[in-house]
Each structure stands twice: as structure tokens, then as C-alpha cells.
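For reference, the structure discussed in these notes is given below.
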Amino acid sequence: MKKKTLILISLCAVLVLVLIVPLVLMLSGGKYNSIERYKEGVKMLIHLRDDGTLVGHGSAFVINNAGNIITNAHVVGNDFNDDGILEDPLPVDVFYVVYEKQLKNRKVVVMQRAHFDKMDASRDLALLRVNSPDRAYFKPLSLARTASAGDPVKALGFPGIYDTSGNKDRLIASFAINLLKKGIHQFLPEREELEWSASMRDLLDVTSVSGAISKINDNYQMGTSLGKDARLRAITHNATTHGGMSGGPLINEDGQVVGVTYGSRIGEDSINNAIDVSELLHFITPAGGDPNQVAIIEGNPDSPIYILRAHFSNMSAGEVVVVVVGGLFVICCVGVLCFMLIKKRKSNSRVIFPAPIPSPAPVPSPSPSPMPGPRLDEPTIPMPAIANGPQLLFNGVKPNGEPIRYRVPLSTIKADRFLLIGRSSSLCKLHVADENMNISRQQARIMYEEDTSGNVYLYIRDEQATNTTCLNGVPLIEKCLLMPGDVITFGGATLKFTVESA
């Protein structure tokens, strides 16, 4: 296999490796503003004691690539104290998100533990964190900065279902726990995979209810259940929500979260109310920080930049260093290969070797005038002349008019198979030391070839120098046959090539 072919194959392989990972990440994003996409961002949250006893359930949604999820404080809180204030969960409380995962040949239901970070009872908001290896099943939703009356919205979450008797409301969480007891009756794992069954279909399907925002309440009173004087910015809408959808997102037409659904308050039916996104942004923003550090604000979380950020956010410092060093190595390899291709490129569009001549031809006399362009008609020097030790002469003038003359035995070129012309004394046999001539370190190469009949041919090729080499006034793009009488020009100097017998 030719060297050029190997270089091309290597270059293509490296480019595939460089491009395949970002391409896979971009294709894995899917359509953001769709119910199927929301299934990866909206989760059912189950609140348990450490013995597996069900406390309650609600909905939640992912806000960043680090696995942080938002829900209502009353979904994860312990209970109300004597002053009617919701308290933080007990140390024995455990939270799980439940989702279905598609394996190669089967589907499973995963219970992934969620760790409590903080909550604000006055805003009825809580922040949890999920350390899940199934990053593809925890795709974040984007947050809007504001909402307006009249905007179409969708409320997403997991409402309750009824049992076969139809006498009482049976929450999906209760249904789930009855199915999952086998995996948690003696211990509460960090993560548990259970066999999926058709009876779980309703459990894991996100419910979407459409409506529109009726008004924005800038000073809405939450009620004594969440604080005696709790007031906040809230959204009233007509997308009818149900128990179990508390903590789920309220989505606008752009797929961005404009509010967080919460339950009723004392003395007023507030089932169609949601906590405004401005309260959520205030809740998640670190002191003196930027909410963009915690969540994706008014952006498409499936864009390449957020997907790449998701993968890097889960890496340790050592893994990041390995990726960065590996990326730099790949870039250097691509650069070296490209440089080699430029330096070693050869054209297949022209005849490289002239047809054999049956008998030695006499040394041609110098042309009366330079011929325009390369010629492939006859050999440069007949083979019998080598025995007499011919000399190659290069006569010319410098840019300042000073004459220059170089003499090189043909045997020298035959031994090395080539002759370099340039200003490098260590590389070039025809060393041009005059700095005023602007000649490159390796300006041109004269190559020696023989055919099967013993005829000798000399070719000249430009070495991709800064100053282009010209043959008979024509710039050299590929190697050309060199004949006595030809005029070589480079860097302001002109040399006429002739042959002298010994």
C-alpha cells in the first residue's frame, strides 16, 4: 500500500474519532419541545421512611446536567410544627425517582435515590440531587425568566389513579410501592432495577394538561400551611391539575418552565396555581451568584454545548485532564498528517516517467531560447556519457548582477539519487549562501532516474519553498524533466543549466 494511501486512511480515522463523539451527543438530544422529551426531564418522586413505609409522592423535574431536581417543599417536608411551618425531612426519610429504562432486549423500571439538598417552605420549593449513571434519562428542562397573562401553558406530572372498587383515590405512588416492595422490604438501595410490567404503563407516563395563564399574582398569600405571612409571585391558570402533580413543571410554548405546580391552600381552591419561575430562580441562585451556574436559562438543553457540558460535569479532575490531553494529542496528529500531505502530495494527472528510448541519444544542444514549460520528449543525458564523468553546470547572475557558477559531478547525484538546492549548508549539496538572494533553506530538488535501457533522466521539483521555483519562466507545480539549456529562477537569481563532459 502506498504511503499516501496510508496517510489518507490514518487522517480519515482520526477525523472520524474527533467528530463521532460530538455527533453522537448531538443526535442523542432528540426533539426538545415534545412530550416524549419531557419524559426524560419530569420525574415521579416517592417519599419513604427507611422501613419502606410510604409517606407520599409528587412530581419533580430536572434543571441541570448535574442531576439537580426541583419539587414542592410539601412533597419532601416532614410535617408542620406547632406554628404551622413545614419542617425539613427527618434523617430517616428517603426519596426515590422512578423511571423506565430501555435495555438491549428488555425494559426495566429503575428506582434511583434522590438526596435532599435544601428547601424553602415559604416558597414551597425543594432542591434534591440524583447521582445517576443513567444520564440519558435525566435530561434537564430549560427555565424561562418570566411569564405573562394569556400565554398558553402545559402542566406536567403524575396524578393519582383509582383502584378497581372506585371508592377511594389511590395514588400512583401507592400503586408503585405495592409493585416495588420486593426490592426494598428489608433495605433501601441507592439504585434498584426491577422487571417492567404492562401494569406500570400508567405509572410512568407523564400526564400533560393544556391551558393558558389567567393572571400573574405579584403578592399571593400562600396561607398558614406554609407560613403565617408567606407571600410570593404566583401564576393562576386553567390547566386543571390533580393530586400527585405537585412539584411538576408548568411549561410554555417554547418548552421552558414558567412555574412549579403546588396544591390548594386553606379557604381557597388553588389547585390551578403555580409558583412563578422568578421565585424558583431566586431559590436556586447561590448567594451573590448567577442562576446560569445552577440551571439552563432560556436555552435549548439539547444543544451540543449543553450536552457536552453534561458529560464534562460528571467527570473527575483526572478524567478532564485525560480528555484535554487526548484532545490536544489528536489535534496535533491531525496537524502533522495534514502537513505531511501537503509536503508529500504528488499529482497523478501527468506522465511521470518518459517512454524508454531504444538507443542513446546525443547530448542535445542548448535551446536558442527557453522553452515554455516542462518537456517529456527525450532523456537528459545518455548513459555512455557517465563513464567520462560529466559535470553539471549552473551559470547565472545574482539580483545585484554578480555572476555565480556552480559545478556538480553527475556521479554525486547518481550516488544520492537527488541534489538539493538551497541555503542550508547541512542539507544542500548545491549550497547558495548569499542572504540577499532570498532563497529558502530547501528551495528545489534535482532527482536522478534511470530506465530499464540505462538512459538517465534528471527531474527538478520545487520543495514548496516560500519563493517559488520557475523553470523557463513557468512556476513548478510538479516535477518536470530538466534538460540542458533550461533556465531555473528562484529568489531573484537566475541559473542556466548545461552539461560539460569530463
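Residues in the C-alpha cells are named by chain (A, B, ... in the order shown) and by number from 1 within that chain; ligands are numbered from 1 in the order shown.
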
Please provide the set of residues having any atom within 9 Å of A:Phe283, restricted to only C-alpha atoms, with same-chain residues fewer than 5 positions apart removed, written as an mmCIF file with C-alpha atoms, in the first residue's frame.
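Written out: out27.cif:
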```cif
data_model
loop_
_atom_site.group_PDB
_atom_site.id
_atom_site.type_symbol
_atom_site.label_atom_id
_atom_site.label_comp_id
_atom_site.auth_asym_id
_atom_site.auth_seq_id
_atom_site.Cartn_x
_atom_site.Cartn_y
_atom_site.Cartn_z
ATOM 1 C CA MET A 119 -35.943 23.623 50.804
ATOM 2 C CA ASP A 120 -37.791 26.901 51.318
ATOM 3 C CA ARG A 123 -41.936 29.371 48.604
ATOM 4 C CA LEU A 125 -39.828 24.709 46.874
ATOM 5 C CA ALA A 126 -37.225 21.999 47.481
ATOM 6 C CA LEU A 127 -33.981 21.047 45.731
ATOM 7 C CA SER A 278 -38.940 34.147 39.312
#
```

**Request:** Determine, counting only C-alpha atoms, which protein, DNA and RNA residues have an atom within 9 Å of an atom of A:Ala239; residues of the same chain fewer than 2 positions away are not included. Present the result as a list in words.
**Result:** Val153, Lys154, Ala155, Val209, Ser210, Gly211, Ala212, Ile213, His237, Thr241 and Asn272 of chain A

Residues just named, written with C-alpha atoms as a CSV table (one decimal), in the first residue's frame:
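Printed below is out.csv as written:
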```
chain,number,residue,atom,x,y,z
A,153,VAL,CA,-49.1,26.5,29.1
A,154,LYS,CA,-49.0,22.8,29.8
A,155,ALA,CA,-48.9,21.3,33.3
A,209,VAL,CA,-52.8,19.1,30.7
A,210,SER,CA,-53.1,22.2,28.4
A,211,GLY,CA,-54.4,25.6,29.3
A,212,ALA,CA,-53.5,29.3,29.5
A,213,ILE,CA,-52.3,31.7,32.2
A,237,HIS,CA,-54.0,29.2,35.0
A,241,THR,CA,-54.1,19.7,37.7
A,272,ASN,CA,-54.7,25.5,39.3
```

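Of the listed residues A:Gly41, A:Thr498, A:Asp117, A:Ser214, the one whose atoms come nearest to A:Ala136 is A:Gly41, with distances taken using only C-alpha atoms.
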
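Proximity of A:Val42, A:Val94, A:Ala295, A:Val321 to A:Thr207, computed with only C-alpha atoms, is greatest for A:Val42.
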
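Excluding A:Ser208 itself and same-chain residues fewer than 6 positions from it, the residues having an atom within 12 Å of it are Ser34, Ile35, Glu36, Tyr38, Lys39, Val42, Val153, Lys154, Ala155, Leu156, Gly157, Phe158, Pro159, Ala239, Thr240, Thr241, His242, Met245, Gly248, Pro249, Leu250 and Ile251 of chain A, counting only C-alpha atoms.
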
Could you please take those selected residues and save N, CA and C atoms as an mmCIF file, in the first residue's frame?
```cif
data_model
loop_
_atom_site.group_PDB
_atom_site.id
_atom_site.type_symbol
_atom_site.label_atom_id
_atom_site.label_comp_id
_atom_site.auth_asym_id
_atom_site.auth_seq_id
_atom_site.Cartn_x
_atom_site.Cartn_y
_atom_site.Cartn_z
ATOM 1 N N SER A 34 -41.276 18.375 23.221
ATOM 2 C CA SER A 34 -42.211 17.294 22.921
ATOM 3 C C SER A 34 -42.472 16.497 24.194
ATOM 4 N N ILE A 35 -43.620 15.824 24.223
ATOM 5 C CA ILE A 35 -43.970 15.044 25.407
ATOM 6 C C ILE A 35 -42.963 13.920 25.639
ATOM 7 N N GLU A 36 -42.499 13.290 24.551
ATOM 8 C CA GLU A 36 -41.519 12.226 24.703
ATOM 9 C C GLU A 36 -40.237 12.753 25.344
ATOM 10 N N TYR A 38 -40.074 15.338 27.367
ATOM 11 C CA TYR A 38 -40.358 15.713 28.754
ATOM 12 C C TYR A 38 -40.305 14.514 29.689
ATOM 13 N N LYS A 39 -40.532 13.313 29.144
ATOM 14 C CA LYS A 39 -40.475 12.120 29.988
ATOM 15 C C LYS A 39 -39.088 11.942 30.601
ATOM 16 N N VAL A 42 -39.084 15.119 33.436
ATOM 17 C CA VAL A 42 -40.094 15.164 34.504
ATOM 18 C C VAL A 42 -40.137 13.798 35.166
ATOM 19 N N VAL A 153 -49.991 27.306 28.201
ATOM 20 C CA VAL A 153 -49.114 26.527 29.069
ATOM 21 C C VAL A 153 -49.570 25.075 29.097
ATOM 22 N N LYS A 154 -48.665 24.205 29.573
ATOM 23 C CA LYS A 154 -48.965 22.803 29.837
ATOM 24 C C LYS A 154 -48.463 22.473 31.231
ATOM 25 N N ALA A 155 -49.303 21.798 32.009
ATOM 26 C CA ALA A 155 -48.887 21.302 33.322
ATOM 27 C C ALA A 155 -48.544 19.827 33.174
ATOM 28 N N LEU A 156 -47.356 19.446 33.668
ATOM 29 C CA LEU A 156 -46.870 18.073 33.534
ATOM 30 C C LEU A 156 -46.694 17.451 34.915
ATOM 31 N N GLY A 157 -46.975 16.162 35.022
ATOM 32 C CA GLY A 157 -46.780 15.489 36.302
ATOM 33 C C GLY A 157 -47.391 14.100 36.303
ATOM 34 N N PHE A 158 -47.538 13.539 37.522
ATOM 35 C CA PHE A 158 -48.021 12.177 37.703
ATOM 36 C C PHE A 158 -49.203 12.200 38.675
ATOM 37 N N PRO A 159 -50.446 12.295 38.171
ATOM 38 C CA PRO A 159 -51.611 12.350 39.060
ATOM 39 C C PRO A 159 -51.952 10.982 39.632
ATOM 40 N N ALA A 239 -55.201 25.148 33.361
ATOM 41 C CA ALA A 239 -54.813 23.761 33.058
ATOM 42 C C ALA A 239 -55.071 22.945 34.316
ATOM 43 N N THR A 240 -56.159 22.193 34.345
ATOM 44 C CA THR A 240 -56.626 21.534 35.562
ATOM 45 C C THR A 240 -55.639 20.451 36.017
ATOM 46 N N THR A 241 -55.041 20.663 37.159
ATOM 47 C CA THR A 241 -54.097 19.696 37.716
ATOM 48 C C THR A 241 -54.780 18.849 38.779
ATOM 49 N N HIS A 242 -54.131 17.749 39.160
ATOM 50 C CA HIS A 242 -54.689 16.814 40.124
ATOM 51 C C HIS A 242 -53.628 16.462 41.155
ATOM 52 N N MET A 245 -49.534 15.801 41.008
ATOM 53 C CA MET A 245 -48.815 16.651 40.057
ATOM 54 C C MET A 245 -48.075 17.779 40.758
ATOM 55 N N GLY A 248 -44.514 19.401 39.803
ATOM 56 C CA GLY A 248 -44.258 19.272 38.374
ATOM 57 C C GLY A 248 -44.124 20.634 37.709
ATOM 58 N N PRO A 249 -43.594 20.695 36.504
ATOM 59 C CA PRO A 249 -43.374 21.974 35.834
ATOM 60 C C PRO A 249 -44.596 22.465 35.067
ATOM 61 N N LEU A 250 -44.706 23.773 34.963
ATOM 62 C CA LEU A 250 -45.664 24.429 34.080
ATOM 63 C C LEU A 250 -44.849 24.962 32.905
ATOM 64 N N ILE A 251 -45.159 24.492 31.693
ATOM 65 C CA ILE A 251 -44.327 24.712 30.510
ATOM 66 C C ILE A 251 -45.009 25.675 29.550
#
```

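Each of A:Gly67, A:Pro403, A:Gly52, A:Pro291 was checked against A:Leu188 using only C-alpha atoms; the smallest atom-to-atom distance is that of A:Gly52.
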
Quick one: residues within 9 Å of A:Gly255, only C-alpha atoms counted, chain neighbours fewer than 4 positions away excluded, as a PDB file with N, CA and C atoms, in the first residue's frame?
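Output file around-v3.pdb follows:
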```pdb
ATOM      1  N   TYR A  32     -36.612  18.669  21.589  1.00  0.00           N
ATOM      2  CA  TYR A  32     -36.728  19.169  22.960  1.00  0.00           C
ATOM      3  C   TYR A  32     -38.179  19.396  23.364  1.00  0.00           C
ATOM      4  N   ASN A  33     -38.920  20.166  22.571  1.00  0.00           N
ATOM      5  CA  ASN A  33     -40.263  20.574  22.968  1.00  0.00           C
ATOM      6  C   ASN A  33     -41.275  19.514  22.546  1.00  0.00           C
ATOM      7  N   SER A  34     -41.276  18.375  23.221  1.00  0.00           N
ATOM      8  CA  SER A  34     -42.211  17.294  22.921  1.00  0.00           C
ATOM      9  C   SER A  34     -42.472  16.497  24.194  1.00  0.00           C
ATOM     10  N   TYR A  38     -40.074  15.338  27.367  1.00  0.00           N
ATOM     11  CA  TYR A  38     -40.358  15.713  28.754  1.00  0.00           C
ATOM     12  C   TYR A  38     -40.305  14.514  29.689  1.00  0.00           C
ATOM     13  N   LEU A 141     -34.660  20.431  31.891  1.00  0.00           N
ATOM     14  CA  LEU A 141     -35.560  21.366  31.228  1.00  0.00           C
ATOM     15  C   LEU A 141     -34.975  22.766  31.361  1.00  0.00           C
ATOM     16  N   SER A 142     -35.299  23.596  30.396  1.00  0.00           N
ATOM     17  CA  SER A 142     -34.846  24.989  30.430  1.00  0.00           C
ATOM     18  C   SER A 142     -35.840  25.832  31.216  1.00  0.00           C
ATOM     19  N   LEU A 143     -35.329  26.835  31.916  1.00  0.00           N
ATOM     20  CA  LEU A 143     -36.177  27.746  32.693  1.00  0.00           C
ATOM     21  C   LEU A 143     -36.368  29.055  31.930  1.00  0.00           C
ATOM     22  N   ALA A 144     -37.616  29.557  31.920  1.00  0.00           N
ATOM     23  CA  ALA A 144     -37.873  30.892  31.389  1.00  0.00           C
ATOM     24  C   ALA A 144     -37.513  31.915  32.455  1.00  0.00           C
ATOM     25  N   ILE A 251     -45.159  24.492  31.693  1.00  0.00           N
ATOM     26  CA  ILE A 251     -44.327  24.712  30.510  1.00  0.00           C
ATOM     27  C   ILE A 251     -45.009  25.675  29.550  1.00  0.00           C
ATOM     28  N   ASN A 300     -31.853  25.892  24.769  1.00  0.00           N
ATOM     29  CA  ASN A 300     -32.237  24.524  24.431  1.00  0.00           C
ATOM     30  C   ASN A 300     -31.254  23.575  25.094  1.00  0.00           C
TER      31      ASN A 300
END
```

**Message:** Just want the 8 Å neighbourhood of A:Asp124, counted on only C-alpha atoms, with same-chain residues fewer than 4 positions away dropped. Output as JSON, numbers by chain.
**Reply:** {"A": [72, 73, 74, 119, 120, 226, 262]}

Those residues with C-alpha atoms, as a short mmCIF file (atom, residue, chain, number, x, y, z; two decimals), in the first residue's frame please?
```
data_model
loop_
_atom_site.label_atom_id
_atom_site.label_comp_id
_atom_site.auth_asym_id
_atom_site.auth_seq_id
_atom_site.Cartn_x
_atom_site.Cartn_y
_atom_site.Cartn_z
CA ASN A 72 -42.52 21.21 46.24
CA ALA A 73 -41.40 21.56 49.84
CA HIS A 74 -44.60 19.85 50.98
CA MET A 119 -35.94 23.62 50.80
CA ASP A 120 -37.79 26.90 51.32
CA LEU A 226 -46.67 27.12 54.57
CA TYR A 262 -48.44 23.27 44.01
#
```

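Separating atom CA of A:Lys398 from atom CA of A:Arg417 is a distance of 27.7 Å.
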
**Message:** Show me, as an MDAnalysis selection string, the residues that have an atom within 12 Å of A:Val432 when counting only C-alpha atoms, minus same-chain residues fewer than 4 positions from it.
**Reply:** chainID A and resid 394 398 404:406 420:428 436:444 490:491 493 495

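Distance-wise, atom CA of A:Cys338 and atom CA of A:Ala465 end up 16.9 Å apart.
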
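Atom pair atom CA of A:Gln112 / atom CA of A:Asp134 has a distance of 9.5 Å (rounded to one decimal).
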
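Among the candidates A:Ser246, A:Asn217, A:Val325, A:Asn292, the one nearest to A:Asp276 when counting only C-alpha atoms is A:Asn217.
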
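Using only C-alpha atoms, the nearest neighbour of A:Thr146 within the list A:Ile63, A:Leu45, A:Val110, A:Leu281 is A:Leu281.
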
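Using only C-alpha atoms, the smallest distance between any of A:Phe138, A:Ser132, A:Gly247, A:Ile275 and A:Val76 comes from A:Gly247.
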